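Structure data follow from input.cif (mmCIF, C-alpha atoms; chains and numbers go by the auth columns):
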data_start
loop_
_atom_site.group_PDB
_atom_site.id
_atom_site.type_symbol
_atom_site.label_atom_id
_atom_site.label_comp_id
_atom_site.label_asym_id
_atom_site.label_seq_id
_atom_site.Cartn_x
_atom_site.Cartn_y
_atom_site.Cartn_z
_atom_site.B_iso_or_equiv
_atom_site.auth_seq_id
_atom_site.auth_asym_id
ATOM 1 C CA MET A 1 101.816 95.715 117.984 0.00 178 A
ATOM 2 C CA GLU A 2 98.834 93.805 119.319 0.00 179 A
ATOM 3 C CA SER A 3 95.114 94.560 119.380 0.00 180 A
ATOM 4 C CA ASP A 4 91.907 92.878 120.387 0.00 181 A
ATOM 5 C CA HIS A 5 91.422 91.656 116.804 0.00 182 A
ATOM 6 C CA ASN A 6 94.478 89.365 117.060 0.00 183 A
ATOM 7 C CA MET A 7 96.306 91.753 114.743 0.00 184 A
ATOM 8 C CA SER A 8 100.052 91.956 114.925 0.00 185 A
ATOM 9 C CA ILE A 9 102.866 93.540 112.955 0.00 186 A
ATOM 10 C CA ARG A 10 106.201 91.757 112.739 0.00 187 A
ATOM 11 C CA GLN A 11 109.304 91.849 110.616 0.00 188 A
ATOM 12 C CA ALA A 12 109.049 89.542 107.604 0.00 189 A
ATOM 13 C CA HIS A 13 111.713 86.850 107.227 0.00 190 A
ATOM 14 C CA ASP A 14 113.059 84.783 104.337 0.00 191 A
ATOM 15 C CA ALA A 15 110.204 82.303 104.741 0.00 192 A
ATOM 16 C CA ASP A 16 107.741 85.165 104.104 0.00 193 A
ATOM 17 C CA VAL A 17 109.092 86.215 100.686 0.00 194 A
ATOM 18 C CA ALA A 18 106.275 84.537 98.709 0.00 195 A
ATOM 19 C CA VAL A 19 103.639 86.083 100.991 0.00 196 A
ATOM 20 C CA VAL A 20 105.176 89.560 100.596 0.00 197 A
ATOM 21 C CA VAL A 21 105.315 89.166 96.787 0.00 198 A
ATOM 22 C CA ARG A 22 101.658 88.066 96.697 0.00 199 A
ATOM 23 C CA LEU A 23 100.479 90.947 98.916 0.00 200 A
ATOM 24 C CA ILE A 24 102.356 93.600 96.931 0.00 201 A
ATOM 25 C CA ASN A 25 101.315 92.333 93.506 0.00 202 A
ATOM 26 C CA ALA A 26 97.663 92.014 94.596 0.00 203 A
ATOM 27 C CA ALA A 27 97.610 95.520 96.078 0.00 204 A
ATOM 28 C CA PHE A 28 99.357 97.038 93.062 0.00 205 A
ATOM 29 C CA GLN A 29 96.971 95.552 90.467 0.00 206 A
ATOM 30 C CA VAL A 30 95.455 99.034 90.398 0.00 207 A
ATOM 31 C CA GLU A 31 98.631 100.171 88.583 0.00 208 A
ATOM 32 C CA ARG A 32 98.100 97.842 85.607 0.00 209 A
ATOM 33 C CA PHE A 33 96.795 100.795 83.584 0.00 210 A
ATOM 34 C CA PHE A 34 100.366 102.126 83.345 0.00 211 A
ATOM 35 C CA LEU A 35 102.606 99.165 84.238 0.00 212 A
ATOM 36 C CA ALA A 36 102.991 96.179 81.962 0.00 213 A
ATOM 37 C CA ALA A 37 104.145 93.658 84.579 0.00 214 A
ATOM 38 C CA ASP A 38 103.788 92.573 88.187 0.00 215 A
ATOM 39 C CA ARG A 39 105.025 95.190 90.630 0.00 216 A
ATOM 40 C CA ILE A 40 107.607 92.952 92.311 0.00 217 A
ATOM 41 C CA ALA A 41 109.327 89.565 92.080 0.00 218 A
ATOM 42 C CA ALA A 42 110.846 87.399 94.796 0.00 219 A
ATOM 43 C CA GLU A 43 114.406 88.420 93.834 0.00 220 A
ATOM 44 C CA GLU A 44 113.632 92.095 94.489 0.00 221 A
ATOM 45 C CA VAL A 45 111.985 91.310 97.839 0.00 222 A
ATOM 46 C CA ARG A 46 115.090 89.351 98.881 0.00 223 A
ATOM 47 C CA SER A 47 117.350 92.170 97.683 0.00 224 A
ATOM 48 C CA ARG A 48 115.327 94.741 99.640 0.00 225 A
ATOM 49 C CA MET A 49 115.498 92.530 102.742 0.00 226 A
ATOM 50 C CA GLU A 50 119.293 92.961 102.612 0.00 227 A
ATOM 51 C CA ARG A 51 118.932 96.780 102.725 0.00 228 A
ATOM 52 C CA GLY A 52 115.821 97.207 104.863 0.00 229 A
ATOM 53 C CA ILE A 53 112.862 95.355 106.353 0.00 230 A
ATOM 54 C CA PHE A 54 109.329 94.469 105.406 0.00 231 A
ATOM 55 C CA LEU A 55 106.791 94.843 108.184 0.00 232 A
ATOM 56 C CA LEU A 56 104.031 92.261 107.860 0.00 233 A
ATOM 57 C CA LEU A 57 100.535 92.870 109.259 0.00 234 A
ATOM 58 C CA GLU A 58 98.681 89.712 110.229 0.00 235 A
ATOM 59 C CA ASP A 59 95.304 88.936 111.760 0.00 236 A
ATOM 60 C CA SER A 60 95.398 85.607 113.615 0.00 237 A
ATOM 61 C CA GLY A 61 98.342 84.620 111.419 0.00 238 A
ATOM 62 C CA LEU A 62 96.607 85.599 108.151 0.00 239 A
ATOM 63 C CA PRO A 63 98.756 88.107 106.189 0.00 240 A
ATOM 64 C CA LEU A 64 96.786 91.260 105.359 0.00 241 A
ATOM 65 C CA GLY A 65 99.418 93.824 104.447 0.00 242 A
ATOM 66 C CA CYS A 66 103.044 94.867 104.385 0.00 243 A
ATOM 67 C CA VAL A 67 105.289 97.881 104.020 0.00 244 A
ATOM 68 C CA TYR A 68 108.971 98.270 103.207 0.00 245 A
ATOM 69 C CA ALA A 69 111.104 100.373 105.575 0.00 246 A
ATOM 70 C CA GLU A 70 114.744 101.260 104.941 0.00 247 A
ATOM 71 C CA LEU A 71 117.054 103.250 107.199 0.00 248 A
ATOM 72 C CA ARG A 72 119.043 105.884 105.296 0.00 249 A
ATOM 73 C CA GLY A 73 120.917 107.787 107.966 0.00 250 A
ATOM 74 C CA GLU A 74 118.588 110.331 109.542 0.00 251 A
ATOM 75 C CA ARG A 75 115.965 109.577 106.887 0.00 252 A
ATOM 76 C CA GLY A 76 113.737 106.546 106.708 0.00 253 A
ATOM 77 C CA TYR A 77 112.388 105.413 103.345 0.00 254 A
ATOM 78 C CA ILE A 78 108.890 103.900 103.152 0.00 255 A
ATOM 79 C CA GLY A 79 107.825 101.949 100.087 0.00 256 A
ATOM 80 C CA LEU A 80 105.484 99.327 98.710 0.00 257 A
ATOM 81 C CA LEU A 81 102.675 99.966 101.207 0.00 258 A
ATOM 82 C CA SER A 82 100.311 97.103 100.412 0.00 259 A
ATOM 83 C CA VAL A 83 97.019 95.873 101.852 0.00 260 A
ATOM 84 C CA GLU A 84 95.005 92.862 100.703 0.00 261 A
ATOM 85 C CA PRO A 85 92.529 94.402 98.175 0.00 262 A
ATOM 86 C CA ARG A 86 89.438 93.150 100.038 0.00 263 A
ATOM 87 C CA ARG A 87 90.681 94.868 103.223 0.00 264 A
ATOM 88 C CA GLN A 88 91.708 98.218 101.740 0.00 265 A
ATOM 89 C CA LYS A 89 90.151 101.410 103.114 0.00 266 A
ATOM 90 C CA SER A 90 89.756 99.832 106.560 0.00 267 A
ATOM 91 C CA GLY A 91 92.637 101.564 108.374 0.00 268 A
ATOM 92 C CA LEU A 92 95.218 98.810 107.902 0.00 269 A
ATOM 93 C CA SER A 93 97.558 100.943 105.787 0.00 270 A
ATOM 94 C CA ARG A 94 97.582 103.563 108.546 0.00 271 A
ATOM 95 C CA LEU A 95 98.653 100.863 111.054 0.00 272 A
ATOM 96 C CA LEU A 96 101.525 99.891 108.756 0.00 273 A
ATOM 97 C CA MET A 97 102.580 103.523 108.277 0.00 274 A
ATOM 98 C CA ILE A 98 102.574 104.101 112.053 0.00 275 A
ATOM 99 C CA ALA A 99 104.688 100.964 112.552 0.00 276 A
ATOM 100 C CA ALA A 100 107.205 102.064 109.891 0.00 277 A
ATOM 101 C CA GLU A 101 107.479 105.538 111.415 0.00 278 A
ATOM 102 C CA GLU A 102 107.974 104.023 114.894 0.00 279 A
ATOM 103 C CA TYR A 103 110.744 101.812 113.486 0.00 280 A
ATOM 104 C CA PHE A 104 112.434 104.908 112.046 0.00 281 A
ATOM 105 C CA ARG A 105 112.163 106.846 115.315 0.00 282 A
ATOM 106 C CA GLU A 106 113.593 103.884 117.274 0.00 283 A
ATOM 107 C CA ASN A 107 116.563 103.924 114.890 0.00 284 A
ATOM 108 C CA GLY A 108 117.280 107.646 115.094 0.00 285 A
ATOM 109 C CA CYS A 109 115.581 108.875 111.922 0.00 286 A
ATOM 110 C CA ARG A 110 114.303 112.438 111.944 0.00 287 A
ATOM 111 C CA MET A 111 112.450 112.281 108.611 0.00 288 A
ATOM 112 C CA ALA A 112 110.359 109.736 106.736 0.00 289 A
ATOM 113 C CA GLU A 113 110.271 109.819 102.943 0.00 290 A
ATOM 114 C CA LEU A 114 108.242 108.027 100.285 0.00 291 A
ATOM 115 C CA ARG A 115 107.587 108.163 96.566 0.00 292 A
ATOM 116 C CA VAL A 116 104.292 107.925 94.724 0.00 293 A
ATOM 117 C CA VAL A 117 103.721 107.737 90.990 0.00 294 A
ATOM 118 C CA ASN A 118 102.033 110.900 89.710 0.00 295 A
ATOM 119 C CA LEU A 119 99.398 108.810 87.895 0.00 296 A
ATOM 120 C CA ARG A 120 98.104 107.543 91.269 0.00 297 A
ATOM 121 C CA THR A 121 96.283 110.811 91.969 0.00 298 A
ATOM 122 C CA GLU A 122 94.521 109.398 95.048 0.00 299 A
ATOM 123 C CA LEU A 123 97.814 108.882 96.917 0.00 300 A
ATOM 124 C CA PRO A 124 99.170 112.407 97.598 0.00 301 A
ATOM 125 C CA PRO A 125 95.983 113.454 99.461 0.00 302 A
ATOM 126 C CA TYR A 126 96.117 110.249 101.535 0.00 303 A
ATOM 127 C CA TYR A 127 99.731 110.836 102.542 0.00 304 A
ATOM 128 C CA ARG A 128 99.090 114.554 103.155 0.00 305 A
ATOM 129 C CA HIS A 129 96.395 113.427 105.617 0.00 306 A
ATOM 130 C CA LEU A 130 99.122 111.432 107.415 0.00 307 A
ATOM 131 C CA GLY A 131 101.344 114.529 107.654 0.00 308 A
ATOM 132 C CA TYR A 132 103.492 114.159 104.529 0.00 309 A
ATOM 133 C CA SER A 133 104.148 116.976 102.079 0.00 310 A
ATOM 134 C CA GLU A 134 105.509 117.041 98.549 0.00 311 A
ATOM 135 C CA THR A 135 109.189 117.917 98.407 0.00 312 A
ATOM 136 C CA CYS A 136 110.245 117.273 94.797 0.00 313 A
ATOM 137 C CA THR A 137 109.792 115.009 91.788 0.00 314 A
ATOM 138 C CA GLU A 138 112.070 112.289 90.392 0.00 315 A
ATOM 139 C CA PRO A 139 112.131 110.471 87.063 0.00 316 A
ATOM 140 C CA PHE A 140 110.463 107.074 86.856 0.00 317 A
ATOM 141 C CA PRO A 141 113.085 104.290 86.506 0.00 318 A
ATOM 142 C CA LEU A 142 113.762 103.307 82.903 0.00 319 A
ATOM 143 C CA ASP A 143 114.023 99.621 83.863 0.00 320 A
ATOM 144 C CA ILE A 144 110.348 99.482 84.919 0.00 321 A
ATOM 145 C CA PRO A 145 108.111 98.914 81.868 0.00 322 A
ATOM 146 C CA ALA A 146 105.701 101.869 82.068 0.00 323 A
ATOM 147 C CA ILE A 147 102.990 102.074 79.401 0.00 324 A
ATOM 148 C CA LEU A 148 102.271 105.765 80.093 0.00 325 A
ATOM 149 C CA PRO A 149 104.684 108.606 80.783 0.00 326 A
ATOM 150 C CA CYS A 150 105.010 109.125 84.522 0.00 327 A
ATOM 151 C CA HIS A 151 107.283 110.346 87.300 0.00 328 A
ATOM 152 C CA PHE A 152 107.609 110.083 91.071 0.00 329 A
ATOM 153 C CA ILE A 153 106.365 112.630 93.569 0.00 330 A
ATOM 154 C CA VAL A 154 108.627 112.561 96.621 0.00 331 A
ATOM 155 C CA MET A 155 106.870 113.253 99.925 0.00 332 A
ATOM 156 C CA SER A 156 108.402 113.596 103.370 0.00 333 A
ATOM 157 C CA LYS A 157 107.397 114.064 106.985 0.00 334 A
ATOM 158 C CA GLU A 158 109.342 115.230 110.015 0.00 335 A
ATOM 159 C CA LEU A 159 109.328 112.591 112.728 0.00 336 A
ATOM 160 C CA LEU A 160 108.876 114.263 116.088 0.00 337 A
#
Could you spell out this file's structure in structure tokens?
Amino acid sequence: MESDHNMSIRQAHDADVAVVVRLINAAFQVERFFLAADRIAAEEVRSRMERGIFLLLEDSGLPLGCVYAELRGERGYIGLLSVEPRRQKSGLSRLLMIAAEEYFRENGCRMAELRVVNLRTELPPYYRHLGYSETCTEPFPLDIPAILPCHFIVMSKELL
């Protein structure tokens, strides 16, 4: 994807692991009220790169955001949508979501799915605005050190 602002979205590679970790942990600082640690470490990014891809949004080579996209048959899983905190609420997350959904369509997915933590009350309305709807809830993983009780809200969207 290209635009007149020198913005581009590309697949992240092994050399981008540190950049992806920095972007995600900066964007997820807002979750410190219920999580006791950084959101992600390099090992998890590498592990996810074996199962899916990270799309990296750059402006003139400067990394501004990323999103994780994993093919799961006819469903695509979107996770870790992250935008540099100073650039949030400027439409960049929407660009990343569009790119992830395009990737899914190109690979035969008919649905896109994501999970949000119920304590992030601002997220379901944002994703509803993008066409997602709540489908169910799931328990929060026991291996993630949550300070407050929480669970996931699963949201999905049909890809036409």
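Coordinates place atom CA of A:Thr314 at a distance of 25.0 Å from atom CA of A:Arg282.
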- Message: Once the PyMOL selection byres ((chain A and resi 291) around 9) has been evaluated on this model, what residues remain selected, and can you format them as number ranges by chain?
- Response: A: 253-256, 289-290, 292-293, 309, 330-333
- Query: For the file shown, what are the residues hit by the PyMOL selection byres ((chain A and resi 216-230) around 7), laid out as a list in words?
  - Reply: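 Output from the PyMOL selection byres ((chain A and resi 216-230) around 7), applied to this file: Gln188, Val194, Ala195, Val198, Asn202, Phe205, Ala214, Asp215, Phe231, Leu232, Tyr245, Ala246, Glu247 and Leu248 of chain A.
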- Query: Could you work out how far atom CA of A:Glu279 lies from atom CA of A:Glu315, giving the answer in Å with one decimal?
  - Reply: 26.2 Å
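Pairwise distance (atom CA of A:Cys313, atom CA of A:His328) equals 10.6 Å.
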